[in-house]
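> First the structure, then my questions, so here it is.
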Amino acid sequence: MFALDPIHIGTGGYQIGRVDNTIVREPSTNIPKIPGSSIAGTSRTYATYKAINEGKIDKKNIDCAGQDKAVSDKKERGHCGDCIICKSFGFSKNDEKIGSSQGLVYFSDAHILLFPVSTRLGPAWITSPMLLEDFDIQLEENEPSDDCIVVGSEFSKESSLNLGWLNLPIENGKELPSFDHLASLGPKKNKLLSSRIVIVPDSLISQIINSNLEVRTSVSIDPVTGAGKDGALFTSEAIPRSTILWFELGINDPDYFGYGKKSENSSEEGKSNTRISLLDVKSIVKGGFCYFETLGIGGMVTRGFGRVTIEEVGENDSK
Ligand SMILES: [Zn+2]
């Protein structure tokens, strides 16, 4: 996942401190992340749009996007409980005939892999042994020593490099691992990023990320006067543009849930009519990913936040 805009997934509350609107973080490391539930919810909506646009499901299934409206409204709108969207992403109905079911797809949280920081020599993308290991890249003897960094070819002639305000000595003779997955960004971005990767020790990664987040100041507009409201200046933090994150997408086989084409005969009358295959589910979920590039994810998408590209980089797991 590559951030085309800053990404703001808010914690939903206000905090007294440096910024007003804070973002979601991993509790153990304090590193910002995108919760899997946000990716799943957004994916559900976009997969529905895409399937309707392509005529794969009926227009009335627009109610299957987002949260189930029928919970509060008894007029029987909301999740149908039968279409490929409901079966893929799950549904919960009070109606006994339909019942509820967990979805076939599972989204992990999106974790930062490479995070952009400005240096005196232009941008660097930082990571750490821990972040790399989460993504299944092992460094072994190339791990940076305490308070030192391991750098890509662009910075290898230097003896030290500043990451924001922090200047750290460069360790020579240690190499970066290969980042084959970056090929999906296209040759130009891949070349630029690969040569500018910097590995920092785990003890510093959270501090460097948190002191280089994007902080934007906005003003609330008074709808009556059309001018800024008095005292309505607020700041929001965000994961900056060009951050690279990864998440896992797991898909259960519809056959195990009795939705599959193989289990056609076991269908109970009136309960489950739509037959789907693993490939159908994968294509419906991935089909929705294109809208992340235009409509975005998270808060303040109307203020130029949230657009990301999503590329599949693993055979058995999408990252
Ligand atoms: Zn449905």
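Residue numbers start at 1 in each chain; chains themselves are named A, B, ... in the order of the structure tokens; ligands are numbered from 1 in the order shown.
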Quick one: contact table of chain A to ligand 1, 6 Å max, nearest atom pair and distance in Å to one decimal per residue, counting only C-alpha atoms and all ligand atoms, chain and number order, as JSON lines?


```
{"residue": "A:Asn61", "atom": "CA", "partner": "ligand 1", "partner_atom_place_in_ligand_line": "1 (Zn)", "distance": 5.7}
{"residue": "A:Cys64", "atom": "CA", "partner": "ligand 1", "partner_atom_place_in_ligand_line": "1 (Zn)", "distance": 4.5}
{"residue": "A:His79", "atom": "CA", "partner": "ligand 1", "partner_atom_place_in_ligand_line": "1 (Zn)", "distance": 4.8}
{"residue": "A:Cys80", "atom": "CA", "partner": "ligand 1", "partner_atom_place_in_ligand_line": "1 (Zn)", "distance": 3.9}
{"residue": "A:Gly81", "atom": "CA", "partner": "ligand 1", "partner_atom_place_in_ligand_line": "1 (Zn)", "distance": 4.9}
{"residue": "A:Asp82", "atom": "CA", "partner": "ligand 1", "partner_atom_place_in_ligand_line": "1 (Zn)", "distance": 5.2}
{"residue": "A:Cys83", "atom": "CA", "partner": "ligand 1", "partner_atom_place_in_ligand_line": "1 (Zn)", "distance": 4.1}
{"residue": "A:Ile85", "atom": "CA", "partner": "ligand 1", "partner_atom_place_in_ligand_line": "1 (Zn)", "distance": 5.4}
{"residue": "A:Cys86", "atom": "CA", "partner": "ligand 1", "partner_atom_place_in_ligand_line": "1 (Zn)", "distance": 4.3}
```

> Would you save the residues of that selection, restricted to N, CA and C atoms, as an mmCIF file, in the first residue's frame?


```
data_model
loop_
_atom_site.group_PDB
_atom_site.id
_atom_site.type_symbol
_atom_site.label_atom_id
_atom_site.label_comp_id
_atom_site.auth_asym_id
_atom_site.auth_seq_id
_atom_site.Cartn_x
_atom_site.Cartn_y
_atom_site.Cartn_z
ATOM 1 N N ASN A 61 -28.406 -3.720 -4.341
ATOM 2 C CA ASN A 61 -27.415 -4.210 -3.385
ATOM 3 C C ASN A 61 -26.499 -3.108 -2.844
ATOM 4 N N CYS A 64 -25.923 -3.165 0.643
ATOM 5 C CA CYS A 64 -25.005 -4.157 1.215
ATOM 6 C C CYS A 64 -23.634 -3.536 1.489
ATOM 7 N N HIS A 79 -28.197 -5.005 4.715
ATOM 8 C CA HIS A 79 -27.523 -6.160 4.126
ATOM 9 C C HIS A 79 -28.530 -7.240 3.747
ATOM 10 N N CYS A 80 -28.381 -7.761 2.499
ATOM 11 C CA CYS A 80 -29.339 -8.775 2.046
ATOM 12 C C CYS A 80 -29.003 -10.153 2.645
ATOM 13 N N GLY A 81 -27.711 -10.349 2.982
ATOM 14 C CA GLY A 81 -27.314 -11.620 3.585
ATOM 15 C C GLY A 81 -27.126 -12.740 2.583
ATOM 16 N N ASP A 82 -27.242 -12.426 1.313
ATOM 17 C CA ASP A 82 -27.117 -13.486 0.320
ATOM 18 C C ASP A 82 -26.108 -13.191 -0.787
ATOM 19 N N CYS A 83 -25.907 -11.921 -1.125
ATOM 20 C CA CYS A 83 -25.067 -11.604 -2.284
ATOM 21 C C CYS A 83 -23.590 -11.839 -1.972
ATOM 22 N N ILE A 85 -21.197 -9.752 -1.801
ATOM 23 C CA ILE A 85 -20.640 -8.766 -0.864
ATOM 24 C C ILE A 85 -20.912 -9.218 0.576
ATOM 25 N N CYS A 86 -22.153 -9.551 0.862
ATOM 26 C CA CYS A 86 -22.507 -9.999 2.215
ATOM 27 C C CYS A 86 -21.742 -11.257 2.604
#
```

> What's the 8 Å shell around Asp146 in chain A, counting only C-alpha atoms, without same-chain residues fewer than 2 positions away, as a list in words?

Pro144, Cys148 and Pro201 of chain A

> Find the spatial neighbours of Ile126 in chain A, counting only C-alpha atoms, within a cut-off of 12 Å - ignore same-chain residues fewer than 4 positions away - and output them as a ChimeraX atom specification.

/A:112-119,130-132,149-152,161-164,176,193-202,204-209,212,242-244

> Name the closest residue to Leu182 in chain A among the candidates A:Tyr106, A:Ser43, A:Glu143, A:Trp246; distances are taken between atoms, counting only C-alpha atoms.

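Of A:Tyr106, A:Ser43, A:Glu143, A:Trp246, the one nearest Leu182 in chain A is A:Trp246, counting only C-alpha atoms.
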
> Would you mind listing what lies within 7 Å of range 45-57 of chain A as a PyMOL selection string, with only C-alpha atoms counted and same-chain residues fewer than 5 positions away left out?

chain A and resi 62+65-66+85+284-285+287-288+291

> For the residues in that selection, give me C-alpha atoms as a PDB file, in the first residue's frame.


```pdb
ATOM      1  CA  ILE A  62     -25.954  -0.752  -2.716  1.00  0.00           C
ATOM      2  CA  ALA A  65     -22.158  -1.593   1.258  1.00  0.00           C
ATOM      3  CA  GLY A  66     -21.178  -0.075   4.562  1.00  0.00           C
ATOM      4  CA  ILE A  85     -20.640  -8.766  -0.864  1.00  0.00           C
ATOM      5  CA  ILE A 284     -14.681  -8.843  -6.118  1.00  0.00           C
ATOM      6  CA  VAL A 285     -12.410  -7.689  -3.248  1.00  0.00           C
ATOM      7  CA  GLY A 287     -11.864  -5.057  -7.902  1.00  0.00           C
ATOM      8  CA  GLY A 288     -12.709  -2.518  -5.225  1.00  0.00           C
ATOM      9  CA  TYR A 291     -11.264   3.188  -5.766  1.00  0.00           C
TER      10      TYR A 291
END
```

> Enter the distance from CA of Pro254 in chain A to CA of Ile34 in chain A, in Å, rounded to one decimal.

27.0 Å

> With DSSP run on the backbone, what are the strand (DSSP E or B) residues within range 171-275 of chain A? I'd like them as a CSV table (one decimal) with all heavy atoms, in the first residue's frame.


```csv
chain,number,residue,atom,x,y,z
A,197,ILE,N,16.9,3.9,1.0
A,197,ILE,CA,16.4,3.2,2.2
A,197,ILE,C,17.4,3.4,3.3
A,197,ILE,O,18.6,3.3,3.1
A,197,ILE,CB,16.0,1.8,1.9
A,197,ILE,CG1,14.8,1.7,1.0
A,197,ILE,CG2,15.8,1.0,3.2
A,197,ILE,CD1,14.4,0.4,0.5
A,198,VAL,N,17.0,3.6,4.5
A,198,VAL,CA,17.8,3.7,5.7
A,198,VAL,C,17.3,2.8,6.8
A,198,VAL,O,16.1,2.9,7.1
A,198,VAL,CB,17.9,5.2,6.2
A,198,VAL,CG1,18.7,5.3,7.5
A,198,VAL,CG2,18.6,6.1,5.1
A,199,ILE,N,18.1,1.9,7.3
A,199,ILE,CA,17.7,1.1,8.4
A,199,ILE,C,18.2,1.7,9.7
A,199,ILE,O,19.4,1.9,9.9
A,199,ILE,CB,18.2,-0.4,8.3
A,199,ILE,CG1,17.7,-0.9,6.9
A,199,ILE,CG2,17.6,-1.3,9.4
A,199,ILE,CD1,18.3,-2.3,6.6
A,214,GLU,N,3.1,14.0,9.4
A,214,GLU,CA,2.6,15.2,8.8
A,214,GLU,C,1.6,15.8,9.8
A,214,GLU,O,0.7,15.1,10.4
A,214,GLU,CB,1.8,14.9,7.5
A,214,GLU,CG,1.2,16.0,6.9
A,214,GLU,CD,1.5,16.1,5.4
A,214,GLU,OE1,2.3,15.3,4.9
A,214,GLU,OE2,1.0,17.1,4.8
A,215,VAL,N,1.7,17.1,10.1
A,215,VAL,CA,0.7,17.8,11.0
A,215,VAL,C,0.1,18.9,10.2
A,215,VAL,O,0.9,19.8,9.7
A,215,VAL,CB,1.4,18.3,12.3
A,215,VAL,CG1,0.3,19.1,13.1
A,215,VAL,CG2,1.9,17.2,13.1
A,216,ARG,N,-1.1,18.9,10.0
A,216,ARG,CA,-1.8,20.0,9.2
A,216,ARG,C,-2.7,20.8,10.1
A,216,ARG,O,-3.4,20.2,10.9
A,216,ARG,CB,-2.7,19.3,8.1
A,216,ARG,CG,-1.8,18.8,7.0
A,216,ARG,CD,-2.3,19.3,5.7
A,216,ARG,NE,-1.5,18.6,4.6
A,216,ARG,CZ,-2.0,18.3,3.5
A,216,ARG,NH1,-3.3,18.5,3.2
A,216,ARG,NH2,-1.2,17.7,2.6
A,217,THR,N,-2.8,22.0,9.8
A,217,THR,CA,-3.7,22.9,10.5
A,217,THR,C,-4.8,23.3,9.6
A,217,THR,O,-4.7,23.6,8.4
A,217,THR,CB,-2.9,24.2,10.9
A,217,THR,OG1,-1.8,23.9,11.6
A,217,THR,CG2,-3.8,25.1,11.7
A,218,SER,N,-6.0,23.1,10.1
A,218,SER,CA,-7.2,23.5,9.3
A,218,SER,C,-8.1,24.4,10.1
A,218,SER,O,-7.9,24.5,11.3
A,218,SER,CB,-8.1,22.2,9.0
A,218,SER,OG,-7.3,21.2,8.5
A,219,VAL,N,-9.1,25.0,9.5
A,219,VAL,CA,-10.0,25.8,10.2
A,219,VAL,C,-11.4,25.4,9.8
A,219,VAL,O,-11.7,25.0,8.7
A,219,VAL,CB,-9.8,27.3,9.8
A,219,VAL,CG1,-10.1,27.6,8.4
A,219,VAL,CG2,-10.5,28.2,10.7
A,220,SER,N,-12.3,25.3,10.9
A,220,SER,CA,-13.7,25.0,10.6
A,220,SER,C,-14.4,26.2,10.0
A,220,SER,O,-14.2,27.3,10.4
A,220,SER,CB,-14.4,24.7,11.9
A,220,SER,OG,-13.8,23.5,12.5
A,221,ILE,N,-15.2,25.9,9.0
A,221,ILE,CA,-15.9,26.9,8.3
A,221,ILE,C,-17.3,27.1,8.8
A,221,ILE,O,-18.0,26.1,9.0
A,221,ILE,CB,-16.0,26.6,6.8
A,221,ILE,CG1,-14.6,26.4,6.2
A,221,ILE,CG2,-16.8,27.7,6.0
A,221,ILE,CD1,-13.7,27.7,6.2
A,228,GLY,N,-14.2,31.5,8.3
A,228,GLY,CA,-13.6,30.7,9.4
A,228,GLY,C,-14.3,31.0,10.7
A,228,GLY,O,-14.6,32.2,11.0
A,229,LYS,N,-14.6,30.0,11.5
A,229,LYS,CA,-15.2,30.2,12.8
A,229,LYS,C,-14.1,30.7,13.8
A,229,LYS,O,-13.0,30.2,13.7
A,229,LYS,CB,-15.7,28.9,13.4
A,229,LYS,CG,-17.1,28.5,12.9
A,229,LYS,CD,-17.6,27.3,13.7
A,229,LYS,CE,-18.8,26.6,13.1
A,229,LYS,NZ,-19.0,25.3,13.6
A,230,ASP,N,-14.5,31.5,14.7
A,230,ASP,CA,-13.5,32.0,15.7
A,230,ASP,C,-13.1,30.8,16.6
A,230,ASP,O,-13.9,30.0,17.0
A,230,ASP,CB,-14.2,33.1,16.6
A,230,ASP,CG,-14.0,34.5,16.1
A,230,ASP,OD1,-13.2,34.6,15.1
A,230,ASP,OD2,-14.6,35.4,16.6
A,231,GLY,N,-11.9,30.7,16.8
A,231,GLY,CA,-11.3,29.7,17.7
A,231,GLY,C,-11.5,28.3,17.2
A,231,GLY,O,-11.4,27.3,17.9
A,232,ALA,N,-11.7,28.2,15.9
A,232,ALA,CA,-12.0,26.8,15.3
A,232,ALA,C,-10.8,26.3,14.5
A,232,ALA,O,-10.9,25.5,13.6
A,232,ALA,CB,-13.2,26.9,14.4
A,233,LEU,N,-9.6,26.8,14.9
A,233,LEU,CA,-8.4,26.3,14.2
A,233,LEU,C,-8.0,25.0,14.9
A,233,LEU,O,-8.0,24.8,16.1
A,233,LEU,CB,-7.3,27.3,14.5
A,233,LEU,CG,-6.1,27.3,13.6
A,233,LEU,CD1,-6.5,27.7,12.2
A,233,LEU,CD2,-5.0,28.3,14.1
A,234,PHE,N,-7.8,23.9,14.1
A,234,PHE,CA,-7.4,22.7,14.7
A,234,PHE,C,-6.3,22.0,13.9
A,234,PHE,O,-6.1,22.3,12.7
A,234,PHE,CB,-8.6,21.7,14.8
A,234,PHE,CG,-9.3,21.3,13.5
A,234,PHE,CD1,-8.9,20.2,12.9
A,234,PHE,CD2,-10.2,22.1,12.9
A,234,PHE,CE1,-9.5,19.8,11.7
A,234,PHE,CE2,-10.8,21.8,11.7
A,234,PHE,CZ,-10.4,20.6,11.1
A,235,THR,N,-5.5,21.2,14.5
A,235,THR,CA,-4.5,20.5,13.9
A,235,THR,C,-4.8,19.0,13.8
A,235,THR,O,-5.4,18.4,14.7
A,235,THR,CB,-3.1,20.6,14.6
A,235,THR,OG1,-3.3,20.3,16.0
A,235,THR,CG2,-2.6,22.1,14.5
A,236,SER,N,-4.3,18.3,12.7
A,236,SER,CA,-4.5,16.9,12.5
A,236,SER,C,-3.2,16.3,12.1
A,236,SER,O,-2.5,16.8,11.3
A,236,SER,CB,-5.5,16.7,11.4
A,236,SER,OG,-6.6,17.5,11.6
A,237,GLU,N,-2.9,15.1,12.7
A,237,GLU,CA,-1.7,14.4,12.3
A,237,GLU,C,-2.1,13.4,11.3
A,237,GLU,O,-3.2,12.9,11.2
A,237,GLU,CB,-0.9,13.9,13.5
A,237,GLU,CG,-1.7,12.9,14.3
A,237,GLU,CD,-0.9,12.3,15.5
A,237,GLU,OE1,0.3,12.8,15.7
A,237,GLU,OE2,-1.4,11.5,16.2
A,238,ALA,N,-1.1,13.0,10.5
A,238,ALA,CA,-1.3,12.0,9.4
A,238,ALA,C,-0.1,11.3,9.1
A,238,ALA,O,1.0,11.8,9.3
A,238,ALA,CB,-1.9,12.7,8.2
A,239,ILE,N,-0.2,10.0,8.6
A,239,ILE,CA,0.9,9.3,8.0
A,239,ILE,C,1.2,10.0,6.7
A,239,ILE,O,0.3,10.2,5.8
A,239,ILE,CB,0.5,7.8,7.7
A,239,ILE,CG1,0.2,7.1,9.1
A,239,ILE,CG2,1.6,7.1,7.0
A,239,ILE,CD1,-0.4,5.7,8.9
A,244,ILE,N,5.1,3.6,2.7
A,244,ILE,CA,4.7,2.3,2.2
A,244,ILE,C,4.3,1.4,3.4
A,244,ILE,O,5.0,1.3,4.4
A,244,ILE,CB,5.9,1.6,1.4
A,244,ILE,CG1,6.1,2.4,0.2
A,244,ILE,CG2,5.5,0.2,1.1
A,244,ILE,CD1,7.2,2.0,-0.7
A,245,LEU,N,3.1,0.9,3.3
A,245,LEU,CA,2.6,0.0,4.4
A,245,LEU,C,2.2,-1.3,3.8
A,245,LEU,O,2.1,-1.5,2.5
A,245,LEU,CB,1.3,0.6,5.0
A,245,LEU,CG,1.4,2.0,5.6
A,245,LEU,CD1,0.8,3.0,4.6
A,245,LEU,CD2,0.6,2.1,6.9
A,246,TRP,N,2.0,-2.3,4.6
A,246,TRP,CA,1.6,-3.6,4.1
A,246,TRP,C,0.5,-4.2,5.0
A,246,TRP,O,0.4,-3.9,6.2
A,246,TRP,CB,2.7,-4.6,4.0
A,246,TRP,CG,3.3,-5.0,5.3
A,246,TRP,CD1,4.3,-4.3,6.0
A,246,TRP,CD2,2.9,-6.1,6.2
A,246,TRP,NE1,4.5,-4.9,7.2
A,246,TRP,CE2,3.7,-6.0,7.3
A,246,TRP,CE3,2.0,-7.1,6.0
A,246,TRP,CZ2,3.6,-7.0,8.4
A,246,TRP,CZ3,1.9,-8.1,7.0
A,246,TRP,CH2,2.7,-8.0,8.2
A,249,LEU,N,-4.3,-10.0,3.4
A,249,LEU,CA,-5.6,-10.3,3.0
A,249,LEU,C,-5.8,-11.8,3.0
A,249,LEU,O,-5.2,-12.4,2.2
A,249,LEU,CB,-6.0,-9.6,1.6
A,249,LEU,CG,-7.2,-10.1,0.9
A,249,LEU,CD1,-8.5,-9.7,1.7
A,249,LEU,CD2,-7.3,-9.5,-0.5
A,250,GLY,N,-6.6,-12.3,3.9
A,250,GLY,CA,-6.9,-13.7,3.9
A,250,GLY,C,-8.3,-14.0,3.3
A,250,GLY,O,-9.2,-13.2,3.6
A,251,ILE,N,-8.4,-15.1,2.5
A,251,ILE,CA,-9.8,-15.4,2.0
A,251,ILE,C,-10.1,-16.9,2.3
A,251,ILE,O,-9.3,-17.7,1.9
A,251,ILE,CB,-9.9,-15.2,0.5
A,251,ILE,CG1,-9.5,-13.7,0.2
A,251,ILE,CG2,-11.3,-15.4,0.0
A,251,ILE,CD1,-9.5,-13.4,-1.3
```

> Applying 7 Å and only C-alpha atoms, which residues near Arg275 in chain A remain after dropping the ones on its own chain fewer than 4 positions away? List them as a list in words.

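Answer for this query is Tyr259, Gly260 and Lys261 of chain A.
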
> Hey, can you spit out that residue selection with N, CA, C and O atoms as a PDB file, in the first residue's frame?


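Okay, out.pdb is ready:
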```pdb
ATOM      1  N   TYR A 259     -21.183 -21.948   0.850  1.00  0.00           N
ATOM      2  CA  TYR A 259     -21.573 -20.997  -0.205  1.00  0.00           C
ATOM      3  C   TYR A 259     -21.050 -21.448  -1.566  1.00  0.00           C
ATOM      4  O   TYR A 259     -21.370 -20.866  -2.579  1.00  0.00           O
ATOM      5  N   GLY A 260     -20.163 -22.421  -1.533  1.00  0.00           N
ATOM      6  CA  GLY A 260     -19.401 -22.746  -2.724  1.00  0.00           C
ATOM      7  C   GLY A 260     -20.216 -23.425  -3.788  1.00  0.00           C
ATOM      8  O   GLY A 260     -21.351 -23.860  -3.570  1.00  0.00           O
ATOM      9  N   LYS A 261     -19.611 -23.509  -4.971  1.00  0.00           N
ATOM     10  CA  LYS A 261     -20.307 -24.129  -6.090  1.00  0.00           C
ATOM     11  C   LYS A 261     -20.388 -25.640  -5.879  1.00  0.00           C
ATOM     12  O   LYS A 261     -21.296 -26.289  -6.358  1.00  0.00           O
TER      13      LYS A 261
END
```

> Any idea what's packed within 10 Å of Ser184 in chain A, counting only C-alpha atoms, ignoring anything in its chain fewer than 2 positions away? Could you give it as a VMD selection string?

chain A and resid 180 to 182 186 to 187 189 to 190 310 to 313

> Write out the residues from the selection above, keeping N, CA, C and O atoms, as a tab-separated table (two decimals), in the first residue's frame.


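Below is the file again-v8.tsv, written as the result:
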```
chain	number	residue	atom	x	y	z
A	180	ASP	N	12.51	-6.74	-3.27
A	180	ASP	CA	11.89	-7.13	-4.54
A	180	ASP	C	10.46	-6.63	-4.67
A	180	ASP	O	9.99	-6.33	-5.75
A	181	HIS	N	9.77	-6.53	-3.50
A	181	HIS	CA	8.36	-6.16	-3.53
A	181	HIS	C	8.14	-4.76	-4.08
A	181	HIS	O	7.06	-4.43	-4.53
A	182	LEU	N	9.20	-3.91	-4.04
A	182	LEU	CA	9.03	-2.54	-4.50
A	182	LEU	C	8.87	-2.46	-6.02
A	182	LEU	O	8.46	-1.43	-6.54
A	186	GLY	N	6.59	0.26	-9.90
A	186	GLY	CA	7.05	0.76	-11.20
A	186	GLY	C	8.53	1.10	-11.12
A	186	GLY	O	9.03	1.41	-10.04
A	187	PRO	N	9.24	1.08	-12.28
A	187	PRO	CA	10.70	1.21	-12.28
A	187	PRO	C	11.23	2.53	-11.68
A	187	PRO	O	12.23	2.54	-10.98
A	189	LYS	N	9.85	4.79	-9.39
A	189	LYS	CA	9.73	4.88	-7.93
A	189	LYS	C	10.60	3.84	-7.25
A	189	LYS	O	11.23	4.10	-6.23
A	190	ASN	N	10.65	2.64	-7.84
A	190	ASN	CA	11.44	1.55	-7.28
A	190	ASN	C	12.91	1.96	-7.17
A	190	ASN	O	13.54	1.79	-6.12
A	310	ILE	N	-2.96	0.15	-3.90
A	310	ILE	CA	-2.79	-1.16	-3.28
A	310	ILE	C	-2.33	-2.14	-4.35
A	310	ILE	O	-2.96	-2.25	-5.41
A	311	GLU	N	-1.20	-2.78	-4.11
A	311	GLU	CA	-0.67	-3.77	-5.06
A	311	GLU	C	-0.51	-5.11	-4.35
A	311	GLU	O	-0.10	-5.14	-3.19
A	312	GLU	N	-0.77	-6.17	-5.08
A	312	GLU	CA	-0.54	-7.49	-4.51
A	312	GLU	C	0.91	-7.87	-4.73
A	312	GLU	O	1.43	-7.77	-5.84
A	313	VAL	N	1.60	-8.26	-3.66
A	313	VAL	CA	3.02	-8.61	-3.82
A	313	VAL	C	3.35	-10.05	-3.43
A	313	VAL	O	4.44	-10.51	-3.69
```

> Would you mind telling me which residue in A:Ser203, A:Arg25, A:Leu185, A:Pro223 lies nearest to Thr309 in chain A when using only C-alpha atoms?

A:Leu185

> Would you pick out the contacts of range 296-307 of chain A at 8 Å or less, using only C-alpha atoms, so that residues sharing its chain but fewer than 5 positions from it are not included, and give the list as a ChimeraX atom specification?

/A:3-10,38-39,42,291

> Limited to N, CA, C and O atoms, could you put the picked residues into a file as a PDB file, in the first residue's frame?


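New file selection_6.pdb:
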```
ATOM      1  N   ALA A   3       1.067   5.402  -0.045  1.00  0.00           N
ATOM      2  CA  ALA A   3       0.248   6.592   0.252  1.00  0.00           C
ATOM      3  C   ALA A   3       0.464   7.673  -0.798  1.00  0.00           C
ATOM      4  O   ALA A   3       1.569   8.191  -0.948  1.00  0.00           O
ATOM      5  N   LEU A   4      -0.588   8.007  -1.551  1.00  0.00           N
ATOM      6  CA  LEU A   4      -0.519   9.100  -2.527  1.00  0.00           C
ATOM      7  C   LEU A   4      -0.786  10.435  -1.845  1.00  0.00           C
ATOM      8  O   LEU A   4      -0.400  11.490  -2.336  1.00  0.00           O
ATOM      9  N   ASP A   5      -1.482  10.404  -0.742  1.00  0.00           N
ATOM     10  CA  ASP A   5      -1.801  11.585   0.089  1.00  0.00           C
ATOM     11  C   ASP A   5      -1.419  11.225   1.516  1.00  0.00           C
ATOM     12  O   ASP A   5      -1.230  10.056   1.824  1.00  0.00           O
ATOM     13  N   PRO A   6      -1.371  12.226   2.398  1.00  0.00           N
ATOM     14  CA  PRO A   6      -1.294  11.875   3.824  1.00  0.00           C
ATOM     15  C   PRO A   6      -2.535  11.068   4.216  1.00  0.00           C
ATOM     16  O   PRO A   6      -3.607  11.285   3.657  1.00  0.00           O
ATOM     17  N   ILE A   7      -2.361  10.122   5.147  1.00  0.00           N
ATOM     18  CA  ILE A   7      -3.494   9.292   5.569  1.00  0.00           C
ATOM     19  C   ILE A   7      -3.826   9.590   7.025  1.00  0.00           C
ATOM     20  O   ILE A   7      -2.950   9.518   7.885  1.00  0.00           O
ATOM     21  N   HIS A   8      -5.087   9.903   7.263  1.00  0.00           N
ATOM     22  CA  HIS A   8      -5.522  10.185   8.625  1.00  0.00           C
ATOM     23  C   HIS A   8      -6.617   9.209   9.026  1.00  0.00           C
ATOM     24  O   HIS A   8      -7.744   9.307   8.561  1.00  0.00           O
ATOM     25  N   ILE A   9      -6.264   8.231   9.873  1.00  0.00           N
ATOM     26  CA  ILE A   9      -7.281   7.347  10.454  1.00  0.00           C
ATOM     27  C   ILE A   9      -7.385   7.785  11.904  1.00  0.00           C
ATOM     28  O   ILE A   9      -6.499   7.482  12.714  1.00  0.00           O
ATOM     29  N   GLY A  10      -8.407   8.528  12.214  1.00  0.00           N
ATOM     30  CA  GLY A  10      -8.512   9.165  13.522  1.00  0.00           C
ATOM     31  C   GLY A  10      -8.854   8.196  14.633  1.00  0.00           C
ATOM     32  O   GLY A  10      -9.416   7.131  14.404  1.00  0.00           O
ATOM     33  N   SER A  38     -10.756  -0.668   9.328  1.00  0.00           N
ATOM     34  CA  SER A  38     -10.925   0.467   8.402  1.00  0.00           C
ATOM     35  C   SER A  38     -10.749   0.015   6.963  1.00  0.00           C
ATOM     36  O   SER A  38     -11.496   0.432   6.069  1.00  0.00           O
ATOM     37  N   ILE A  39      -9.748  -0.843   6.749  1.00  0.00           N
ATOM     38  CA  ILE A  39      -9.507  -1.324   5.376  1.00  0.00           C
ATOM     39  C   ILE A  39     -10.682  -2.195   4.937  1.00  0.00           C
ATOM     40  O   ILE A  39     -11.183  -2.071   3.819  1.00  0.00           O
ATOM     41  N   THR A  42     -13.870   0.034   4.223  1.00  0.00           N
ATOM     42  CA  THR A  42     -13.702   0.805   2.986  1.00  0.00           C
ATOM     43  C   THR A  42     -13.740  -0.130   1.780  1.00  0.00           C
ATOM     44  O   THR A  42     -14.387   0.149   0.775  1.00  0.00           O
ATOM     45  N   TYR A 291     -10.643   1.964  -6.291  1.00  0.00           N
ATOM     46  CA  TYR A 291     -11.264   3.188  -5.766  1.00  0.00           C
ATOM     47  C   TYR A 291     -10.466   3.798  -4.616  1.00  0.00           C
ATOM     48  O   TYR A 291     -10.663   4.961  -4.284  1.00  0.00           O
TER      49      TYR A 291
END
```

> So how far away is CA of Phe247 in chain A from CA of Ile137 in chain A, in Å?

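These two atoms are separated by 14.7 Å.
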
> So how far away is CA of Asp63 in chain A from CA of Asn273 in chain A, in Å?

18.1 Å
